[in-house]
Structure formats: structure tokens, C-alpha cells
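Participant: One file: input-v8.cif (mmCIF, C-alpha atoms).
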```
data_data
#
loop_
_atom_site.group_PDB
_atom_site.id
_atom_site.type_symbol
_atom_site.label_atom_id
_atom_site.label_comp_id
_atom_site.auth_asym_id
_atom_site.auth_seq_id
_atom_site.Cartn_x
_atom_site.Cartn_y
_atom_site.Cartn_z
ATOM 1 C CA MET A 1346 87.153 11.138 275.643
ATOM 2 C CA LYS A 1347 84.140 12.619 273.819
ATOM 3 C CA PHE A 1348 81.068 13.950 275.654
ATOM 4 C CA ARG A 1349 77.732 14.641 274.024
ATOM 5 C CA THR A 1350 76.430 18.113 274.778
ATOM 6 C CA LEU A 1351 72.949 18.600 276.158
ATOM 7 C CA PRO A 1352 71.551 19.763 272.774
ATOM 8 C CA VAL A 1353 72.970 16.657 271.139
ATOM 9 C CA ALA A 1354 71.385 14.419 273.768
ATOM 10 C CA LEU A 1355 68.074 16.208 273.350
ATOM 11 C CA ALA A 1356 68.313 15.801 269.584
ATOM 12 C CA ALA A 1357 68.914 12.085 269.972
ATOM 13 C CA LEU A 1358 65.935 11.790 272.327
ATOM 14 C CA ALA A 1359 63.810 13.737 269.881
ATOM 15 C CA LEU A 1360 64.776 11.401 267.075
ATOM 16 C CA ALA A 1361 63.844 8.387 269.170
ATOM 17 C CA ALA A 1362 60.561 9.981 270.182
ATOM 18 C CA ALA A 1363 59.782 10.908 266.604
ATOM 19 C CA ALA A 1364 60.382 7.338 265.526
ATOM 20 C CA CYS A 1365 57.546 6.237 267.807
ATOM 21 C CA GLY A 1366 55.132 8.411 265.861
ATOM 22 C CA GLU A 1367 56.202 7.621 262.332
ATOM 23 C CA SER A 1368 54.045 6.566 259.448
ATOM 24 C CA LYS A 1369 54.841 5.279 255.990
ATOM 25 C CA SER A 1370 54.669 7.808 253.189
ATOM 26 C CA ASN A 1371 54.885 7.013 249.501
ATOM 27 C CA LEU A 1372 57.804 9.126 248.333
ATOM 28 C CA ASP A 1373 56.857 9.384 244.693
ATOM 29 C CA SER A 1374 59.378 11.545 242.889
ATOM 30 C CA GLY A 1375 56.631 12.822 240.649
ATOM 31 C CA SER A 1376 58.446 11.744 237.503
ATOM 32 C CA GLY A 1377 55.864 9.161 236.491
ATOM 33 C CA GLY A 1378 56.382 5.642 235.200
ATOM 34 C CA ASP A 1379 58.913 3.196 236.561
ATOM 35 C CA LYS A 1380 61.352 5.790 237.820
ATOM 36 C CA PRO A 1381 63.742 5.586 240.791
ATOM 37 C CA GLY A 1382 61.951 6.312 244.029
ATOM 38 C CA ASN A 1383 58.377 5.772 242.890
ATOM 39 C CA SER A 1384 58.012 2.416 244.655
ATOM 40 C CA SER A 1385 59.985 3.352 247.768
ATOM 41 C CA ALA A 1386 58.164 4.176 250.998
ATOM 42 C CA TYR A 1387 60.250 5.745 253.736
ATOM 43 C CA GLN A 1388 59.281 6.688 257.255
ATOM 44 C CA VAL A 1389 58.271 10.287 257.905
ATOM 45 C CA ALA A 1390 58.318 11.463 261.525
ATOM 46 C CA GLN A 1391 54.999 12.860 262.698
ATOM 47 C CA ASN A 1392 55.209 16.173 264.584
ATOM 48 C CA PRO A 1393 58.823 15.728 265.732
ATOM 49 C CA SER A 1394 60.296 18.081 268.317
ATOM 50 C CA PHE A 1395 63.917 19.149 268.534
ATOM 51 C CA ALA A 1396 66.212 21.085 270.841
ATOM 52 C CA ALA A 1397 65.524 24.822 270.814
ATOM 53 C CA GLY A 1398 67.840 26.697 268.502
ATOM 54 C CA SER A 1399 69.026 23.569 266.685
ATOM 55 C CA THR A 1400 69.250 23.291 262.912
ATOM 56 C CA MET A 1401 66.704 20.490 263.120
ATOM 57 C CA GLU A 1402 64.190 22.777 264.841
ATOM 58 C CA ARG A 1403 64.798 25.528 262.282
ATOM 59 C CA LEU A 1404 64.251 23.211 259.308
ATOM 60 C CA ALA A 1405 61.209 21.517 260.820
ATOM 61 C CA LYS A 1406 59.593 24.885 261.577
ATOM 62 C CA ALA A 1407 60.474 26.222 258.122
ATOM 63 C CA GLY A 1408 58.885 23.159 256.561
ATOM 64 C CA SER A 1409 61.636 22.740 253.995
ATOM 65 C CA ILE A 1410 65.270 21.734 253.521
ATOM 66 C CA LYS A 1411 67.701 22.816 250.793
ATOM 67 C CA VAL A 1412 69.854 19.989 249.438
ATOM 68 C CA GLY A 1413 72.749 20.232 246.991
ATOM 69 C CA VAL A 1414 72.885 17.271 244.592
ATOM 70 C CA LYS A 1415 74.444 16.250 241.317
ATOM 71 C CA ALA A 1416 72.287 16.624 238.195
ATOM 72 C CA ASP A 1417 74.342 14.619 235.700
ATOM 73 C CA GLN A 1418 75.141 11.285 237.352
ATOM 74 C CA PRO A 1419 72.609 8.591 236.375
ATOM 75 C CA GLY A 1420 71.599 6.394 239.290
ATOM 76 C CA ILE A 1421 73.128 8.778 241.843
ATOM 77 C CA GLY A 1422 71.861 12.279 241.125
ATOM 78 C CA ALA A 1423 70.404 13.235 237.764
ATOM 79 C CA LYS A 1424 67.727 15.630 236.574
ATOM 80 C CA ASN A 1425 65.193 13.893 234.365
ATOM 81 C CA PRO A 1426 64.949 16.077 231.232
ATOM 82 C CA ALA A 1427 61.374 14.987 230.583
ATOM 83 C CA SER A 1428 59.931 15.556 234.044
ATOM 84 C CA GLY A 1429 62.380 18.039 235.520
ATOM 85 C CA GLN A 1430 62.572 15.843 238.628
ATOM 86 C CA TYR A 1431 65.801 14.775 240.354
ATOM 87 C CA GLU A 1432 66.366 11.021 240.560
ATOM 88 C CA GLY A 1433 68.972 8.654 241.984
ATOM 89 C CA PHE A 1434 70.363 7.115 245.145
ATOM 90 C CA ASP A 1435 71.519 10.450 246.593
ATOM 91 C CA ILE A 1436 68.048 11.851 245.977
ATOM 92 C CA GLU A 1437 66.517 8.959 247.896
ATOM 93 C CA MET A 1438 68.929 9.541 250.787
ATOM 94 C CA ALA A 1439 67.797 13.165 250.902
ATOM 95 C CA LYS A 1440 64.187 11.975 251.199
ATOM 96 C CA ILE A 1441 65.156 9.686 254.089
ATOM 97 C CA ILE A 1442 66.880 12.515 256.000
ATOM 98 C CA ALA A 1443 64.001 14.905 255.306
ATOM 99 C CA GLY A 1444 61.560 12.297 256.566
ATOM 100 C CA GLN A 1445 63.235 12.249 259.973
ATOM 101 C CA LEU A 1446 62.688 16.006 260.125
ATOM 102 C CA GLY A 1447 59.007 15.394 259.476
ATOM 103 C CA LEU A 1448 59.298 16.630 255.882
ATOM 104 C CA THR A 1449 57.809 14.895 252.856
ATOM 105 C CA PRO A 1450 59.723 14.879 249.528
ATOM 106 C CA ASP A 1451 57.826 17.872 248.147
ATOM 107 C CA LYS A 1452 59.389 19.951 250.932
ATOM 108 C CA ILE A 1453 62.923 19.353 249.615
ATOM 109 C CA GLN A 1454 64.472 22.118 247.516
ATOM 110 C CA PHE A 1455 67.062 20.451 245.300
ATOM 111 C CA THR A 1456 69.905 22.563 243.912
ATOM 112 C CA GLU A 1457 72.547 21.348 241.472
ATOM 113 C CA ALA A 1458 75.930 21.295 243.184
ATOM 114 C CA VAL A 1459 78.868 20.617 240.886
ATOM 115 C CA SER A 1460 82.055 19.412 242.536
ATOM 116 C CA LYS A 1461 83.744 22.818 242.795
ATOM 117 C CA ASN A 1462 80.854 24.576 244.538
ATOM 118 C CA ARG A 1463 79.912 22.011 247.166
ATOM 119 C CA GLU A 1464 81.951 23.597 249.993
ATOM 120 C CA PRO A 1465 80.958 27.201 249.128
ATOM 121 C CA PHE A 1466 77.280 26.240 248.987
ATOM 122 C CA ILE A 1467 77.518 24.791 252.503
ATOM 123 C CA GLN A 1468 79.583 27.625 253.946
ATOM 124 C CA THR A 1469 77.326 30.379 252.602
ATOM 125 C CA GLY A 1470 74.091 28.627 253.535
ATOM 126 C CA GLN A 1471 72.900 28.297 249.954
ATOM 127 C CA VAL A 1472 72.097 24.708 250.902
ATOM 128 C CA ASP A 1473 71.580 23.031 254.274
ATOM 129 C CA ILE A 1474 73.295 19.801 253.268
ATOM 130 C CA VAL A 1475 75.093 18.362 250.251
ATOM 131 C CA ILE A 1476 74.463 14.795 249.084
ATOM 132 C CA ALA A 1477 76.361 14.638 245.800
ATOM 133 C CA SER A 1478 78.703 11.622 245.522
ATOM 134 C CA TYR A 1479 80.733 13.672 248.008
ATOM 135 C CA SER A 1480 83.775 11.742 249.181
ATOM 136 C CA ILE A 1481 84.869 12.269 252.782
ATOM 137 C CA THR A 1482 88.467 13.506 252.895
ATOM 138 C CA ASP A 1483 90.636 15.067 255.580
ATOM 139 C CA LYS A 1484 91.165 18.125 253.386
ATOM 140 C CA ARG A 1485 87.436 18.741 253.005
ATOM 141 C CA LYS A 1486 86.837 18.186 256.722
ATOM 142 C CA LYS A 1487 88.928 21.286 257.372
ATOM 143 C CA VAL A 1488 86.149 23.466 255.941
ATOM 144 C CA VAL A 1489 82.934 21.417 256.260
ATOM 145 C CA SER A 1490 81.616 18.536 258.375
ATOM 146 C CA PHE A 1491 80.460 15.143 257.180
ATOM 147 C CA ALA A 1492 77.840 12.713 258.389
ATOM 148 C CA GLY A 1493 78.184 9.142 257.205
ATOM 149 C CA PRO A 1494 79.513 7.530 255.191
ATOM 150 C CA TYR A 1495 76.211 6.370 253.741
ATOM 151 C CA TYR A 1496 77.871 4.523 250.843
ATOM 152 C CA GLN A 1497 81.313 3.061 250.250
ATOM 153 C CA THR A 1498 82.604 2.621 246.745
ATOM 154 C CA GLY A 1499 85.897 2.652 244.883
ATOM 155 C CA GLN A 1500 87.379 2.908 241.420
ATOM 156 C CA ASP A 1501 85.994 0.154 239.223
ATOM 157 C CA LEU A 1502 85.450 -0.735 235.566
ATOM 158 C CA LEU A 1503 82.343 -0.582 233.395
ATOM 159 C CA ILE A 1504 82.524 -3.114 230.587
ATOM 160 C CA ARG A 1505 80.348 -4.750 227.972
ATOM 161 C CA LYS A 1506 78.691 -7.858 229.362
ATOM 162 C CA ALA A 1507 80.127 -9.821 226.452
ATOM 163 C CA ASP A 1508 83.621 -9.134 227.854
ATOM 164 C CA LYS A 1509 82.967 -10.152 231.458
ATOM 165 C CA ASP A 1510 85.110 -13.296 231.155
ATOM 166 C CA THR A 1511 88.134 -11.461 229.786
ATOM 167 C CA ILE A 1512 88.082 -8.116 231.626
ATOM 168 C CA THR A 1513 87.934 -9.154 235.256
ATOM 169 C CA GLY A 1514 89.744 -6.231 236.866
ATOM 170 C CA PRO A 1515 92.529 -3.688 236.321
ATOM 171 C CA ASP A 1516 95.159 -6.404 235.949
ATOM 172 C CA ALA A 1517 93.364 -7.612 232.813
ATOM 173 C CA LEU A 1518 93.631 -4.270 230.988
ATOM 174 C CA ALA A 1519 96.859 -4.887 229.056
ATOM 175 C CA GLY A 1520 96.290 -3.716 225.495
ATOM 176 C CA LYS A 1521 92.750 -2.555 226.292
ATOM 177 C CA LYS A 1522 91.402 0.941 225.698
ATOM 178 C CA VAL A 1523 90.210 2.462 228.970
ATOM 179 C CA CYS A 1524 88.214 5.694 229.037
ATOM 180 C CA SER A 1525 87.801 8.256 231.803
ATOM 181 C CA VAL A 1526 87.382 12.013 232.227
ATOM 182 C CA THR A 1527 90.238 14.286 231.239
ATOM 183 C CA GLY A 1528 92.462 15.132 234.199
ATOM 184 C CA SER A 1529 90.564 12.874 236.603
ATOM 185 C CA THR A 1530 92.088 10.896 239.460
ATOM 186 C CA PRO A 1531 90.791 7.579 238.032
ATOM 187 C CA LEU A 1532 92.459 8.282 234.685
ATOM 188 C CA GLY A 1533 95.738 9.116 236.416
ATOM 189 C CA ASN A 1534 95.540 5.938 238.476
ATOM 190 C CA ILE A 1535 95.316 3.821 235.321
ATOM 191 C CA GLU A 1536 98.137 5.748 233.633
ATOM 192 C CA ASP A 1537 100.412 5.472 236.679
ATOM 193 C CA ASN A 1538 99.720 1.936 237.850
ATOM 194 C CA TYR A 1539 98.429 -0.025 234.849
ATOM 195 C CA LYS A 1540 100.760 1.200 232.146
ATOM 196 C CA GLN A 1541 99.945 -1.583 229.669
ATOM 197 C CA ALA A 1542 96.431 -0.209 229.269
ATOM 198 C CA LYS A 1543 95.710 2.377 226.570
ATOM 199 C CA THR A 1544 93.949 5.383 228.073
ATOM 200 C CA VAL A 1545 91.386 7.535 226.281
ATOM 201 C CA ALA A 1546 90.054 10.783 227.765
ATOM 202 C CA PHE A 1547 86.833 12.728 227.220
ATOM 203 C CA ALA A 1548 85.156 15.653 228.954
ATOM 204 C CA THR A 1549 82.333 13.566 230.452
ATOM 205 C CA TYR A 1550 81.629 10.010 231.531
ATOM 206 C CA THR A 1551 78.608 9.935 229.251
ATOM 207 C CA GLU A 1552 80.936 10.325 226.263
ATOM 208 C CA CYS A 1553 83.053 7.461 227.574
ATOM 209 C CA VAL A 1554 79.995 5.241 227.957
ATOM 210 C CA ASP A 1555 78.920 6.077 224.404
ATOM 211 C CA GLN A 1556 82.378 5.001 223.244
ATOM 212 C CA LEU A 1557 82.024 1.749 225.180
ATOM 213 C CA SER A 1558 78.596 1.023 223.731
ATOM 214 C CA THR A 1559 79.877 1.515 220.181
ATOM 215 C CA ASN A 1560 82.976 -0.666 220.730
ATOM 216 C CA GLN A 1561 85.408 2.244 220.488
ATOM 217 C CA VAL A 1562 86.845 1.543 223.961
ATOM 218 C CA ASP A 1563 86.924 -1.587 226.100
ATOM 219 C CA ALA A 1564 86.199 -0.145 229.542
ATOM 220 C CA VAL A 1565 85.204 3.015 231.401
ATOM 221 C CA THR A 1566 86.663 3.737 234.825
ATOM 222 C CA THR A 1567 85.628 5.929 237.772
ATOM 223 C CA ASP A 1568 83.816 5.374 241.092
ATOM 224 C CA GLY A 1569 81.830 2.154 241.049
ATOM 225 C CA ALA A 1570 78.672 3.927 242.203
ATOM 226 C CA ILE A 1571 78.749 6.210 239.162
ATOM 227 C CA LEU A 1572 79.345 3.252 236.870
ATOM 228 C CA LEU A 1573 76.422 1.347 238.399
ATOM 229 C CA GLY A 1574 74.170 4.211 237.374
ATOM 230 C CA TYR A 1575 75.193 3.832 233.745
ATOM 231 C CA ALA A 1576 74.859 0.049 233.938
ATOM 232 C CA ALA A 1577 71.332 0.489 235.315
ATOM 233 C CA LYS A 1578 70.396 2.384 232.138
ATOM 234 C CA ASP A 1579 71.514 -0.508 229.918
ATOM 235 C CA PRO A 1580 71.620 -3.635 232.105
ATOM 236 C CA ASP A 1581 71.346 -6.017 229.156
ATOM 237 C CA ASN A 1582 74.619 -4.845 227.627
ATOM 238 C CA LEU A 1583 76.731 -3.188 230.322
ATOM 239 C CA ALA A 1584 78.047 -4.367 233.680
ATOM 240 C CA VAL A 1585 80.372 -3.254 236.456
ATOM 241 C CA VAL A 1586 83.222 -5.660 237.160
ATOM 242 C CA GLY A 1587 82.589 -5.344 240.901
ATOM 243 C CA LYS A 1588 86.187 -5.422 242.127
ATOM 244 C CA PRO A 1589 86.995 -1.899 243.369
ATOM 245 C CA PHE A 1590 90.684 -1.032 243.457
ATOM 246 C CA SER A 1591 90.461 2.103 245.605
ATOM 247 C CA THR A 1592 88.234 3.297 248.454
ATOM 248 C CA GLU A 1593 85.814 6.226 248.387
ATOM 249 C CA LYS A 1594 83.386 6.955 251.222
ATOM 250 C CA TYR A 1595 80.400 9.137 250.323
ATOM 251 C CA GLY A 1596 79.260 11.455 253.099
ATOM 252 C CA ILE A 1597 76.637 14.134 253.672
ATOM 253 C CA GLY A 1598 78.229 17.568 253.885
ATOM 254 C CA LEU A 1599 77.045 20.227 256.340
ATOM 255 C CA LYS A 1600 78.401 23.267 258.173
ATOM 256 C CA LYS A 1601 81.594 22.518 260.012
ATOM 257 C CA GLU A 1602 80.706 23.268 263.631
ATOM 258 C CA ASP A 1603 77.147 21.918 263.669
ATOM 259 C CA LYS A 1604 77.720 18.736 265.678
ATOM 260 C CA PRO A 1605 74.090 18.327 266.839
ATOM 261 C CA PHE A 1606 72.914 18.328 263.209
ATOM 262 C CA ARG A 1607 75.700 15.929 262.216
ATOM 263 C CA ASP A 1608 74.717 13.563 265.016
ATOM 264 C CA PHE A 1609 71.063 13.796 263.973
ATOM 265 C CA ILE A 1610 71.911 12.880 260.364
ATOM 266 C CA ASN A 1611 74.101 10.005 261.536
ATOM 267 C CA ASP A 1612 71.272 8.729 263.741
ATOM 268 C CA SER A 1613 68.919 8.973 260.758
ATOM 269 C CA LEU A 1614 71.365 7.047 258.565
ATOM 270 C CA GLN A 1615 71.796 4.314 261.153
ATOM 271 C CA LYS A 1616 68.039 4.001 261.389
ATOM 272 C CA ALA A 1617 67.801 3.661 257.593
ATOM 273 C CA PHE A 1618 70.499 0.960 257.648
ATOM 274 C CA ASP A 1619 68.606 -0.936 260.325
ATOM 275 C CA ASP A 1620 64.998 -0.648 259.142
ATOM 276 C CA GLY A 1621 65.528 -1.363 255.447
ATOM 277 C CA ASP A 1622 65.006 2.121 254.019
ATOM 278 C CA TRP A 1623 68.637 2.290 252.843
ATOM 279 C CA GLN A 1624 68.166 -1.008 251.002
ATOM 280 C CA LYS A 1625 64.976 0.298 249.378
ATOM 281 C CA ALA A 1626 66.833 3.382 248.198
ATOM 282 C CA TYR A 1627 69.547 1.235 246.626
ATOM 283 C CA ASP A 1628 67.148 -1.245 245.029
ATOM 284 C CA SER A 1629 65.106 1.513 243.359
ATOM 285 C CA THR A 1630 68.167 3.228 241.858
ATOM 286 C CA LEU A 1631 71.634 1.684 241.612
ATOM 287 C CA GLY A 1632 70.189 -1.777 242.160
ATOM 288 C CA LYS A 1633 68.581 -1.610 238.718
ATOM 289 C CA SER A 1634 72.042 -2.338 237.318
ATOM 290 C CA GLY A 1635 71.598 -5.917 238.504
ATOM 291 C CA SER A 1636 74.402 -5.588 241.077
ATOM 292 C CA ALA A 1637 73.715 -6.483 244.691
ATOM 293 C CA ALA A 1638 74.015 -3.711 247.254
ATOM 294 C CA PRO A 1639 77.434 -3.390 248.882
ATOM 295 C CA GLY A 1640 77.748 -3.808 252.621
ATOM 296 C CA LYS A 1641 76.382 -0.956 254.667
ATOM 297 C CA PRO A 1642 79.275 1.234 255.811
ATOM 298 C CA THR A 1643 80.154 1.948 259.419
ATOM 299 C CA LEU A 1644 79.346 5.496 260.438
ATOM 300 C CA GLU A 1645 82.358 7.605 261.343
ATOM 301 C CA ARG A 1646 81.128 9.695 264.251
ATOM 302 C CA TYR A 1647 83.350 12.487 265.566
#
```
Translate the structure of the given file into C-alpha cells.
Facilitator:
Amino acid sequence: MKFRTLPVALAALALAAAACGESKSNLDSGSGGDKPGNSSAYQVAQNPSFAAGSTMERLAKAGSIKVGVKADQPGIGAKNPASGQYEGFDIEMAKIIAGQLGLTPDKIQFTEAVSKNREPFIQTGQVDIVIASYSITDKRKKVVSFAGPYYQTGQDLLIRKADKDTITGPDALAGKKVCSVTGSTPLGNIEDNYKQAKTVAFATYTECVDQLSTNQVDAVTTDGAILLGYAAKDPDNLAVVGKPFSTEKYGIGLKKEDKPFRDFINDSLQKAFDDGDWQKAYDSTLGKSGSAAPGKPTLERY
């Protein structure tokens, strides 16, 4: 049986109290034009109070939060080369969490976190949280904690819209050229379980998408959320099949033993699920691919 500690209970009460004093804030990413996040308005807690000594109190008093994100995944986490601003669904989720701390988007310090440095960044305090298409796994939970999941995806296929009637899923890949990143789990899955497909490997997904757009390959495969980002950049010509054949649950990484902070983030996520902010985040980013939002995941509290 699990018992909430007093600090956790106080944090939950503080979140509820803060919600009573919230106002809408236009979370413009500052990138200009019709960019992800510009039309989204999330709730920002007004003068929230938190349990003494908690991470929430520290961040609220500091007036800033450091967030590790991806910089090269369109629709999820990408740095706009023109504006220098970070954009994508993960970026919007960071704004939602910051808002419940009473922080507006300009108080978020984004840091690029590539896959190999996500755990070290958390452990050393270089970032407060990581929101970077970060799949929850038992192995990772041995060294960091996770709130969420805030998004559930799975391996899928990006195809040309013209091929949507013939490439309907992995079982329709016989004789087709399928591209993924060299040495990746998605590439191995195709090679091991769909042997009639012809695999092609490149260093990046962007190279694979370029190959797809120029008819050099027939499909690109990786997490559906990543593929939706590429589809959103060219919705007239590209589409995601929409039939995932694996399961990946994206979570928010934080220091391992900080249960009050984990509970706070989970409470903030549940609130975003319930009040429509999560849907706004999706619609302004991955939703531009033309694909409907997946079902909201069930939080895995522990």
C-alpha cells in the first residue's frame, strides 16, 4: 500500500489552490508567423505556493526552469534556424508544466538533450526535467524518475499519400524499400520481423524523408510521433499510416528520488488532459500533419 507523504499532500493542495487563481496567458514562442505554439493559450498559476524545501518552491522562487529537449525532431522538439526558438509538442508540454509553477514561457531555459545525455543531464542537475521524446523504460527508471506518460506512440510508417491504398502497414512492405536510422531499433524490427521488405539505412531521419520525397524509398519507419512531425511539414504529400506496431510511452524525466515533484508534474499533466491544454498543444504541433490526436494516456503513478 502506498502512502503520500505530507510534502506530497501539501504539493497537491498547492496545485489545487493555484488552479483557483489561474489566468490565461498567450504562450507565443516568439518565432513569428504561423508557428507551433503561437495560437495556444495555457493556464499560468498566479502566485502559487508550495511545500517548503520542495523542488516546486525552489523553481517558483528562482523564477525559471531548465528543460532538456530535442532540437532536431520536427513537430516534437526542433530549433527553428531562422528564429532560434524551440518548437514542437514537447516544447508545448514544457510550457504547460512551467505554467503550473507560475512561470511564463520566457522563464524556461531550453537545453538540447540528445539521447545519450538525457540521464546525465538530470543526475547532475544541468536540467530540472527532460521532455525529449523520452520513452519510459524499466532500465531508465533505475537511474531517473518519470512522470507521465504524456504521449503514447509506437513504431509506424511514413509514406507518400499517393501510396496510402497500397502501403497500409508493415505486412504490406514486401518488396518495398523501407528507410530508418543506422543501428536503430525500428530498423532492426523491420529486418527481423518483416524480412520481405528491403531496408535502407541513413544517419538521420531527415535523410530518410528526403529519400521518400524523391521516390528513392517507399516508406520511413520510427516512432509515429516523430513521423507525424515530418508529415506536418509536408501534409499535402506525406502521411503516417496510423497503425503502430509497437508501444512507446513518452515520459518527463526528473531526479530519481523526487516523488513530490513527480506527483506535481503528474497532477499538472492530468489537469492538461482534462482542461483541453494537452489537446491545444497537439493541435498546434503534431496535429498539423492532419492526423487526429491519439487517446490521452493513463498516468503511471508510483
Participant: So which residues get picked by the PyMOL selection byres ((chain A and resi 1585-1602) around 9) here, written as a PyMOL selection string?
Facilitator: chain A and resi 1463-1464+1467-1468+1470+1472-1482+1486-1506+1509+1512-1515+1568-1569+1572-1573+1576+1583-1584+1603-1607+1610+1634+1636+1642
Participant: Just need the box for stretch 1475-1493 of chain A, edges along x, y and z, holding every atom the file lists for it with 5 Å tacked onto each side, so centre and edge lengths in Å to one decimal, as JSON.
Facilitator:
```
{"center_x": 82.8, "center_y": 16.3, "center_z": 252.0, "size_x": 26.7, "size_y": 24.3, "size_z": 22.9}
```
Participant: At what distance in Å, to one decimal, does atom CA of A:Thr1567 lie from atom CA of A:Pro1531?
Facilitator: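 Between atom CA of A:Pro1531 and atom CA of A:Thr1567 the gap works out to 5.4 Å.
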Participant: So that I can see what lies close to A:Gln1445, please list as a PDB file with C-alpha atoms, in the coordinates of the input the residues with an atom at most 6 Å from it, counting only C-alpha atoms and leaving out residues fewer than 2 positions away in the same chain.
Facilitator:
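Output contents, as saved in around28.pdb:
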```
ATOM      1  CA  VAL A1389      58.271  10.287 257.905  1.00  0.00           C
ATOM      2  CA  ALA A1390      58.318  11.463 261.525  1.00  0.00           C
ATOM      3  CA  ILE A1442      66.880  12.515 256.000  1.00  0.00           C
ATOM      4  CA  ALA A1443      64.001  14.905 255.306  1.00  0.00           C
ATOM      5  CA  GLY A1447      59.007  15.394 259.476  1.00  0.00           C
TER       6      GLY A1447
END
```
Participant: Rounded to one decimal place, report the atom CA of A:Ala1637-atom CA of A:Ala1577 distance in Å.
Facilitator: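 Taking atom CA of A:Ala1637 and atom CA of A:Ala1577, their separation equals 11.9 Å.
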Participant: For this structure, which residues satisfy the selection - the PyMOL selection byres ((chain A and resi 1421) around 6) - when it is evaluated on the file as given? I want them as JSON, numbers by chain.
Facilitator: {"A": [1418, 1419, 1420, 1422, 1433, 1434, 1435]}
Participant: Can you measure atom CA of A:Arg1646 to atom CA of A:Asn1611 for me? One decimal in Å is fine.
Facilitator: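 Between atom CA of A:Arg1646 and atom CA of A:Asn1611 the gap works out to 7.5 Å.
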Participant: For A:Ala1416, which residue among A:Glu1552, A:Asp1508, A:Asp1620, A:Glu1457 is the nearest when counting only C-alpha atoms?
Facilitator: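 Among the listed residues, A:Glu1457 lies closest to A:Ala1416.
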Participant: For stretch 1401-1404 of chain A, list every protein, DNA or RNA residue within 9 Å, evaluated using only C-alpha atoms, and leave out those in the same chain fewer than 4 positions away; present the list as a ChimeraX atom specification.
Facilitator: /A:1356,1393-1397,1408-1410,1446,1448,1473,1605-1606,1609
Participant: Of the residues A:Gly1398, A:Ala1564, A:Thr1456, A:Gln1624, which is the one nearest to A:Lys1424, using all atoms listed in the file?
Facilitator: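 Once distances to A:Lys1424 are computed over all atoms listed in the file, the minimum belongs to A:Thr1456.
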Participant: Would you please work out which residue, of A:Asn1462, A:Thr1643, A:Ser1613, A:Asn1582, is nearest to A:Gln1388 when using all atoms listed in the file?
Facilitator: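 The answer is A:Ser1613, which sits nearest to A:Gln1388.
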Participant: Can you pull out every residue within 12 Å of stretch 1533-1536 of chain A, counting all atoms listed in the file, but drop anything in the same chain fewer than 2 positions away, and send it as JSON, numbers by chain?
Facilitator: {"A": [1500, 1501, 1502, 1514, 1515, 1516, 1517, 1518, 1519, 1521, 1522, 1523, 1524, 1525, 1526, 1527, 1528, 1529, 1530, 1531, 1538, 1539, 1540, 1541, 1542, 1543, 1544, 1545, 1546, 1564, 1565, 1566, 1567, 1590, 1591]}
